[in-house]
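Okay, so here's the structure we're looking at.
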Amino acid sequence: MSKRIVTSKGIVVLFILALAIGAAAQTTPAPQGPRPDQFKFHPLVFNPPKAAEFRTLLSNGLVVYIAEDHEIPWFTASLLMRTGPFLEPKDKLGVERMTPTVMRSGGTAAMTGEQINERMEFLAGNVTATNLSIHIRHVDEGLKIWKDILTGPVFPEDKVRRERDQALVGIRNRNRNLGQVAARTFSRLIYGEDSPMAAEATEAGTTGITREDLAAWHKKFWGPNNAILVVSGDFKKPEMLKKLEAVFGKWAKTEKAVPPIPKVVQAAKAGVYMVQPDIPANQGVIRIGHLGLKLDDPDYPAVDLMNYILGGGSFSSRITKVVRTDNGLAYSTSSGYSGGDLYPGVFSAFCQTKNSTVVFASQLMLDLIEGMRAGDVSQADLEFARTARVESFPATFASIGQTLMAFAQLENNGRPRDYYDTSRGRYEKVMLADLKRVAQKWLKPDQMVIMVAGNVEECKAGADAQLPNQGTIDAMAAKFGGRTMDGLAKKYGDGQIHVVKLK
Amino acid sequence: MRQRLFRITLVLLVLGWLAPLRAQGPSLTDQVIEKILPNGLKVLMVKRPQAPLVRCILAYRVGSVNERPGITGISHFHEHMMFKGTQTMGIKPGTLAQDLEYDRQIDALMDRVVEEESKIKGRDDAKIAAYKKQVSELITKQKAETIASEEIWGAYQQAGGTGINASTGNEMTQYYVTLPKNKLELYLALEADRLANPIFREFYSERDVITEERRMSENQPGYFFEEQLNATFYAASPYGWDVVGWMSDISRVTKKEMIEYRDQYYRPDNATLVLAGDVDPDQVMPLVEKYFGPLRAKGKSPRVRTEEPSPEYYRKTFGAGFKPPFIEKRVMGKAATTPAVTVMFHVPPLWHEDLAPLYFLGRAMSARTGKMYLEMVLRDDHATQVMASASNSMYDGSFEVRAMAKEIKNETKIPVAQLEKELWTYIEDAKTNPVDPPLLQRLKNSVEAQYLQSLAGTGIAGSLARMETAYRWQFIEEQFKQRMAVTAEDILRVAKKYLNRDNCVTGVLEREK
């Protein structure tokens with residue numbers, strides 16, 4: 001024990017030496033402290049639970065994921081609705097989101113929304129159109145209220161109007177939020193403004209939404225065949241299943257929510273796009289990317305690991321280390337490569353930085369993307385990313401609730417039921433050659449959309465001479481055609497900076 | 001008589017609600033295993049063996065409340081620096097002496113930059129540029145030769161860590177990660193090492209990161225207004241500045257100041273280690289002792305001495321008969337966001353007997369079944385949201401009442417000045433009429449349910465860290481009991497005592513068009 005005290009004294013001495021006389025290596029004691037590789041860990045065998053242990057069906061076909069959880073006398077249930085904005089009438093976008101809110105706030109034939117508030121407050125539970133959380137003692141009453149909300153909402157005019165008013169305020173505020181402007185504009189550039197992935201509610205459309213629209217949407221899609229029920233709590237499973245059958249077993253089927261899946265092509269050509277939000281922003285939000293791939297693509301595990309190394313692996317990723325740690329340009333910077341379930345997802349490198357460093361940060365990210373494409377990746381990089389993914393696997397199943405939700409989401413997204421049994425294996429199969437191959441194939445300079453949301457004039461002007469790291473700024477400028485945005489427009493696009501209008 | 005009958009019914013209903021909770025297993029106190037090392041480090045362990053994981057938090061009793069003008073934001077800045085490494089982490093093997101020498105030269109140059117920049121007259125920009133150029137060159141060399149960046153974070157990722165991060169608040173700074181249970185020894189070794197031996201390399205680029213973090217907040221419409229409102233409310237208390245600090249301080253704080261600061265607060269006797277999950281205390285404690293035991297106790301960290309000069313403070317200081325001067329403060333502003341009226345009142349810290357009634361006053365005023373919501377939002381449609389809540393803070397805090405204005409096409413439904421008047425009618429009402437007994441009962445049911453839920457899972461780790469830091473962890477349960485004992489009369493009493501014009505600041509935010 002006392003040995004360690006000496007250790008900390010040693011450091012104090014070390015500091016004094018270093019500061020006073022600029023310690024030469026030979027006068028410095030050996031460094032004291034741990035290295036991760038000196039530790040041996042007991043192996044942790046973890047086999048993921050199986051979906052089949054939890055999955056069952058009610059007589060009307062409602063899929064239920066259910067498990068006992070006796071930690072506290074509580075009951076929790078969620079309903080995943082497989083509707084999605086892609087089925088909404090185009091002139092009335094917002095119906096899908098507003099329907100469940102008004103189902104709850106507007107109440108049922110038996111109880112007004114306010115009566116539900118009061119009763120649930122007394123029972124100290126919480127109910128929405130898609131959730132019930134309540135003391136197990138009151139579960140019968142809670143389920144009855146929830147079932148009424150699900151099957152018999154009345155959509156009173158007053159509550160519809162309120163929801164509409166709120167949606168309109170949201171529409172009016174959305175161009176005053178830097179992050180929202182960036183995300184929405186980027187979506188439009190990738191998918192096109194008519195795509196269900198990017199289409200947005202308008203003031204006129206929202207004003208036209210009536211109680212009949214919500215009632216019709218509810219009637220059309222809110223049925224057991226478009227839902228997955230997730231239930232856990234302090235109960236005996238067979239008894240709870242009987243209860244659920246009694247409550248939800250007669251819930252009538254509706255039209256099946258089958259999304260139309262048109263072929264998706266990237267809307268915008270490669271190049272530089274800028275958009276100015278309706279506020280005096282002192283930072284620009286950069287998004288650089290293009291259309292990606294679907295989750296069931298055999299390349300996906302390799303793409304995921306490649307992106308982990310590039311910008312998805314938090315502080316161990318190249319984008320974070322270079323843009324944030326080394327150059328201090330951003331608090332928030334990363335890249336994502338989402339695998340879509342129905343549509344191809346998106347590759348997007350992200351950074352939010354002060355106006356004068358927008359071009360510099362963009363160049364640094366593009367340089368890392370180009371480097372990855374050029375094959376600058378090692379076996380050690382691959383092992384790091386793979387280990388992080390595989391070792392953190394048990395966290396997917398950290399609680400009963402998370403376990404059930406993980407399986408329900410799989411089914412809701414149409415993924416194979418043995419996804420988790422095979423996912424570690426898919427990662428273990430990825431070789432270094434695969435990483436190099438997918439970097440070439442799935443990072444696409446000829447489709448690269450470079451978008452900046454912020455003060456257009458200030459952001460495109462580029463770095464001034466007062467900034468630190470002038471050496472690196474110069475190096476990037478030499479590679480990408482100068483310090484201003486024009487160089488990137490020439491290298492990746494048609495030479496123009498396209499200013500996009502707010503929507 | 002009717003009233004009385006009603007109360008009896010209510011008691012029966014309430015008993016019915018409570019019965020299962022009372023029958024419920026052991027209390028929080030029975031579930032927490034507490035150990036204190038001879039050097040003062042407090043270790044709290046909670047067994048939650050549902051998954052082979054452990055939620056790990058190391059919390060220090062330090063936050064922006066411990067700062068002073070000139071070094072605001074230093075607690076948060078320091079939190080970032082704790083990821084920069086030690087003698088063995090964050091550095092290439094065998095390069096420690098060289099690394100320290102680089103830092104010495106960089107620091108000396110940057111001190112000159114700050115000195116030059118702080119000159120009121122005769123500031124020499126050419127000199128500043130020359131220093132900065134030298135610094136850039138040194139940093140480039142240091143990065144190439146000695147630094148291995150983000151190794152601590154990376155080590156946790158390799159160990160299968162999730163939820164890796166740290167956070168700084170007014171009163172607490174905490175470092176956390178969830179790890180597979182077989183990785184606990186690595187965790188303890190790395191955390192003890194960065195408590196004992198941190199090295200603040202990469203100081204200046206991290207400072208720039210933090211300025212970007214602050215700018216992110218600044219770009220949220222309404223941020224500057226909220227910051228000024230808070231600064232006006234707290235004239236003396238260090239709660240008056242945001243955790244991130246004032247920009248001018250962030251960009252000038254020196255490494256020497258940071259080392260002095262950490263020596264005062266980063267001590268085993270100012271820290272709490274919380275482990276919740278699949279943890280076996282008999283196996284873990286020897287490891288905690290192995291890695292944290294050798295660290296030396298350094299004595300109590302300084303506490304905040306400044307008190308906010310509220311009317312209550314004057315009465316306390318000059319005697320109950322003292323009549324404080326009447327001072328009412330207002331902040332008026334515009335921003336590109338929803339107009340709102342906020343009234344903030346000074347209230348005591350979390351351990352004070354008035355806090356439990358103030359808590360219910362907040363819950364009652366903001367309840368969806370309370371008058372303010374039913375009338376201002378539902379009946380009159382003048383507001384879209386109403387809120388009221390008491391802070392639960394280490395030192396004197398605030399009770400905040402707020403109404404968000406209803407807007408139709410960018411115009412508020414009623415003038416904001418009228419919204420303020422209406423808000424005050426509900427504040428006055430709270431001082432005149434006791435809370436309806438059925439409402440109070442509903443709120444108590446909810447408090448009891450929330451307490452029950454808070455005991456499940458590993459989320460308890462965060463509550464333990466927070467309460468132990470602000471006061472002591474046992475107070476989680478004591479506070480719950482205090483709350484359950486509150487009466488409508490208690491609530492009325494505290495409303496009269498604190499919800500007064502000379503005890504508040506009013507913030508009126510209109511829309512920037």
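In the structure tokens, chains take letters A, B, ... by order of appearance, with residues numbered from 1 within each chain and ligands from 1 in the order shown.
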Identify, with DSSP run on backbone atoms, the residues in region 209-350 of chain B assigned to strand (DSSP E or B), and express the list as a list of chain:residue names. B:Ala271, B:Thr272, B:Leu273, B:Val274, B:Leu275, B:Ala276, B:Gly277, B:Lys329, B:Arg330, B:Val331, B:Met332, B:Gly333, B:Lys334, B:Ala335, B:Ala340, B:Val341, B:Thr342, B:Val343, B:Met344, B:Phe345, B:His346, B:Val347
Written file, previous selection with C-alpha atoms, as a PDB file, in the first residue's frame:
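File written: selection09.pdb
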```pdb
ATOM      1  CA  ALA B 271     -14.996  11.468  -4.785  1.00  0.00           C
ATOM      2  CA  THR B 272     -17.619   8.724  -4.881  1.00  0.00           C
ATOM      3  CA  LEU B 273     -17.322   5.522  -6.866  1.00  0.00           C
ATOM      4  CA  VAL B 274     -20.645   3.930  -7.777  1.00  0.00           C
ATOM      5  CA  LEU B 275     -20.905   0.409  -9.257  1.00  0.00           C
ATOM      6  CA  ALA B 276     -24.335  -0.951 -10.153  1.00  0.00           C
ATOM      7  CA  GLY B 277     -24.943  -4.206 -11.959  1.00  0.00           C
ATOM      8  CA  LYS B 329     -35.688  42.673 -11.173  1.00  0.00           C
ATOM      9  CA  ARG B 330     -36.824  42.180 -14.760  1.00  0.00           C
ATOM     10  CA  VAL B 331     -35.139  40.954 -17.929  1.00  0.00           C
ATOM     11  CA  MET B 332     -36.789  41.800 -21.231  1.00  0.00           C
ATOM     12  CA  GLY B 333     -35.655  40.277 -24.489  1.00  0.00           C
ATOM     13  CA  LYS B 334     -36.313  39.022 -27.975  1.00  0.00           C
ATOM     14  CA  ALA B 335     -35.358  35.805 -29.723  1.00  0.00           C
ATOM     15  CA  ALA B 340     -42.538  33.063 -22.794  1.00  0.00           C
ATOM     16  CA  VAL B 341     -42.850  34.574 -19.342  1.00  0.00           C
ATOM     17  CA  THR B 342     -40.646  33.167 -16.586  1.00  0.00           C
ATOM     18  CA  VAL B 343     -40.713  34.116 -12.918  1.00  0.00           C
ATOM     19  CA  MET B 344     -37.886  32.797 -10.735  1.00  0.00           C
ATOM     20  CA  PHE B 345     -37.988  32.929  -6.917  1.00  0.00           C
ATOM     21  CA  HIS B 346     -35.115  32.326  -4.502  1.00  0.00           C
ATOM     22  CA  VAL B 347     -35.545  29.156  -2.431  1.00  0.00           C
TER      23      VAL B 347
END
```
Write out as CSV the residues of chain B that have any atom within 7 Å of an atom of chain A, one row each with the nearest atom pair and its distance in Å to one decimal, counting only C-alpha atoms, sorted by chain and then rising number.
```
residue,atom,partner,partner_atom,distance
B:Gln50,CA,A:Ser399,CA,6.5
B:Ala51,CA,A:Ala398,CA,5.4
B:Gln87,CA,A:Pro31,CA,5.4
B:Thr88,CA,A:Gly33,CA,5.5
B:Met89,CA,A:Arg35,CA,6.9
B:Ala97,CA,A:Ala25,CA,5.3
B:Leu100,CA,A:Ala18,CA,6.4
B:Glu101,CA,A:Gly22,CA,5.7
B:Arg104,CA,A:Leu19,CA,6.3
B:Lys132,CA,A:Pro468,CA,6.7
B:Ser136,CA,A:Asn469,CA,5.5
B:Glu150,CA,A:Phe315,CA,6.2
B:Trp153,CA,A:Phe315,CA,6.6
B:Gly154,CA,A:Ser316,CA,5.7
B:Ala155,CA,A:Pro36,CA,6.6
B:Gln157,CA,A:Ala388,CA,5.3
B:Gln158,CA,A:Ala388,CA,4.9
B:Ala159,CA,A:Glu391,CA,6.5
B:Gly160,CA,A:Ser392,CA,4.0
B:Gly161,CA,A:Ser392,CA,6.0
B:Thr162,CA,A:Ser392,CA,6.6
B:Asn182,CA,A:Phe41,CA,5.9
B:Lys183,CA,A:Phe41,CA,6.6
B:Leu186,CA,A:Pro36,CA,6.7
B:Ala189,CA,A:Pro34,CA,6.4
B:Leu190,CA,A:Pro34,CA,6.7
B:Asp193,CA,A:Gly33,CA,6.1
B:Ala196,CA,A:Ser8,CA,6.6
B:Ser205,CA,A:Gly328,CA,4.4
B:Glu206,CA,A:Gly328,CA,5.8
B:Asp208,CA,A:Gly328,CA,5.0
B:Val209,CA,A:Gly328,CA,4.7
B:Ile210,CA,A:Tyr331,CA,6.7
B:Glu212,CA,A:Ala330,CA,5.5
B:Glu213,CA,A:Tyr331,CA,5.1
B:Arg215,CA,A:Asn282,CA,7.0
B:Asn219,CA,A:Ala281,CA,5.8
B:Gln220,CA,A:Asn177,CA,6.7
B:Gly293,CA,A:Met1,CA,6.8
B:Pro294,CA,A:Arg4,CA,4.8
B:Leu295,CA,A:Ile5,CA,6.2
B:Arg296,CA,A:Ile5,CA,6.8
B:Ala336,CA,A:Arg176,CA,6.8
B:Thr337,CA,A:Asn173,CA,6.9
B:Arg368,CA,A:Asn117,CA,6.9
B:Thr369,CA,A:Glu118,CA,6.1
B:Arg442,CA,A:Phe122,CA,4.4
B:Asn445,CA,A:Ala124,CA,5.5
B:Ser446,CA,A:Ala124,CA,4.4
B:Ala449,CA,A:Ala124,CA,6.2
B:Ala456,CA,A:Glu71,CA,6.4
```
Write down as a PyMOL selection string the residues belonging to region 209-252 of chain B that are assigned alpha helix (DSSP H) by DSSP computed on the backbone. chain B and resi 209-218+223-233+247-250
Can those selected residues be exported to a file as a compact mmCIF listing (two decimals), in the first residue's frame so that it contains N, CA and C atoms?
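And here is the file that came out, again_19.txt:
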```txt
# COMPACT_ATOMS: atom_id res chain seq x y z
N VAL B 209 -12.12 23.32 -28.86
CA VAL B 209 -13.28 22.41 -28.92
C VAL B 209 -14.39 22.97 -28.02
N ILE B 210 -13.99 23.45 -26.84
CA ILE B 210 -15.01 23.92 -25.89
C ILE B 210 -15.65 25.22 -26.36
N THR B 211 -14.88 26.07 -27.04
CA THR B 211 -15.52 27.27 -27.60
C THR B 211 -16.56 26.86 -28.64
N GLU B 212 -16.27 25.79 -29.40
CA GLU B 212 -17.27 25.31 -30.37
C GLU B 212 -18.49 24.72 -29.65
N GLU B 213 -18.24 24.09 -28.53
CA GLU B 213 -19.35 23.53 -27.75
C GLU B 213 -20.26 24.66 -27.27
N ARG B 214 -19.64 25.74 -26.81
CA ARG B 214 -20.45 26.87 -26.36
C ARG B 214 -21.21 27.50 -27.54
N ARG B 215 -20.56 27.62 -28.69
CA ARG B 215 -21.24 28.19 -29.86
C ARG B 215 -22.47 27.37 -30.24
N MET B 216 -22.38 26.04 -30.06
CA MET B 216 -23.55 25.21 -30.39
C MET B 216 -24.76 25.64 -29.58
N SER B 217 -24.53 25.95 -28.30
CA SER B 217 -25.64 26.45 -27.47
C SER B 217 -26.08 27.82 -27.96
N GLU B 218 -25.11 28.67 -28.27
CA GLU B 218 -25.43 30.04 -28.69
C GLU B 218 -26.33 30.06 -29.92
N TYR B 223 -31.00 31.12 -26.31
CA TYR B 223 -29.93 30.76 -25.36
C TYR B 223 -29.39 31.98 -24.62
N PHE B 224 -29.08 33.04 -25.38
CA PHE B 224 -28.49 34.22 -24.74
C PHE B 224 -29.44 34.82 -23.71
N PHE B 225 -30.73 34.81 -24.05
CA PHE B 225 -31.72 35.35 -23.12
C PHE B 225 -31.73 34.56 -21.82
N GLU B 226 -31.77 33.25 -21.94
CA GLU B 226 -31.79 32.39 -20.75
C GLU B 226 -30.53 32.60 -19.90
N GLU B 227 -29.40 32.75 -20.60
CA GLU B 227 -28.14 32.94 -19.89
C GLU B 227 -28.15 34.23 -19.09
N GLN B 228 -28.69 35.30 -19.71
CA GLN B 228 -28.75 36.59 -19.03
C GLN B 228 -29.78 36.58 -17.91
N LEU B 229 -30.88 35.90 -18.13
CA LEU B 229 -31.92 35.81 -17.10
C LEU B 229 -31.34 35.14 -15.85
N ASN B 230 -30.64 34.04 -16.07
CA ASN B 230 -30.03 33.32 -14.96
C ASN B 230 -28.98 34.17 -14.25
N ALA B 231 -28.19 34.88 -15.05
CA ALA B 231 -27.14 35.72 -14.48
C ALA B 231 -27.73 36.87 -13.66
N THR B 232 -28.92 37.31 -14.05
CA THR B 232 -29.58 38.39 -13.31
C THR B 232 -30.20 37.86 -12.03
N PHE B 233 -30.74 36.66 -12.12
CA PHE B 233 -31.38 36.07 -10.94
C PHE B 233 -30.35 35.86 -9.83
N MET B 247 -17.37 33.03 -22.49
CA MET B 247 -16.42 32.81 -23.59
C MET B 247 -15.06 33.43 -23.28
N SER B 248 -15.06 34.63 -22.68
CA SER B 248 -13.78 35.31 -22.43
C SER B 248 -12.93 34.52 -21.43
N ASP B 249 -13.56 33.87 -20.48
CA ASP B 249 -12.81 33.05 -19.52
C ASP B 249 -12.29 31.77 -20.16
N ILE B 250 -13.17 31.10 -20.92
CA ILE B 250 -12.76 29.84 -21.56
C ILE B 250 -11.51 30.08 -22.39
```
Near Thr484 (chain A), within 8 Å and counting only C-alpha atoms, which residues show up once chain neighbours fewer than 3 positions away are dropped, as a count of residues only? 7
Computed interatomic separation between CA of Met103 (chain A) and CA of Ala252 (chain A) (Å):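 Between CA of Met103 (chain A) and CA of Ala252 (chain A) the gap is 17.1 Å.
Take the candidates A:Asp234, A:Asp148, A:Asp376, A:Asp297 and check each one against Val247 (chain A) using only C-alpha atoms; the shortest distance goes to A:Asp148.
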Considering only C-alpha atoms, return as a list in words whatever protein or nucleic-acid residues lie within 10 Å of Glu157 (chain A), sequence-local ones (same chain, fewer than 5 positions apart) excluded.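 So the residues in contact are Val102, Gly106, Arg162, Thr210, Arg211 and Glu212 of chain A.
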Shell of 9 Å around Met258 (chain B), only C-alpha atoms, local chain residues under 2 positions omitted, as an MDAnalysis selection string: chainID B and resid 71 74:75 77:78 200 253:256 260:263
One number please: CA of Leu79 (chain A) to CA of Pro259 (chain A), in Å, one decimal.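 If I compute the distance from CA of Leu79 (chain A) to CA of Pro259 (chain A), I get 19.1 Å.
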Please provide the set of residues having any atom within 10 Å of Val447 (chain B), restricted to only C-alpha atoms, with same-chain residues fewer than 2 positions apart removed, written as a PyMOL selection string. (chain A and resi 124) or (chain B and resi 360+363+441-445+449-453+480+483-484)
Tyr419 (chain A) environment, 9 Å, only C-alpha atoms, sequence neighbours closer than 4 positions dropped, as a list in words: Leu410, Arg415 and Ser423 of chain A
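A straight line drawn from CA of Asp278 (chain B) to CA of Gly457 (chain B) is 10.9 Å long.
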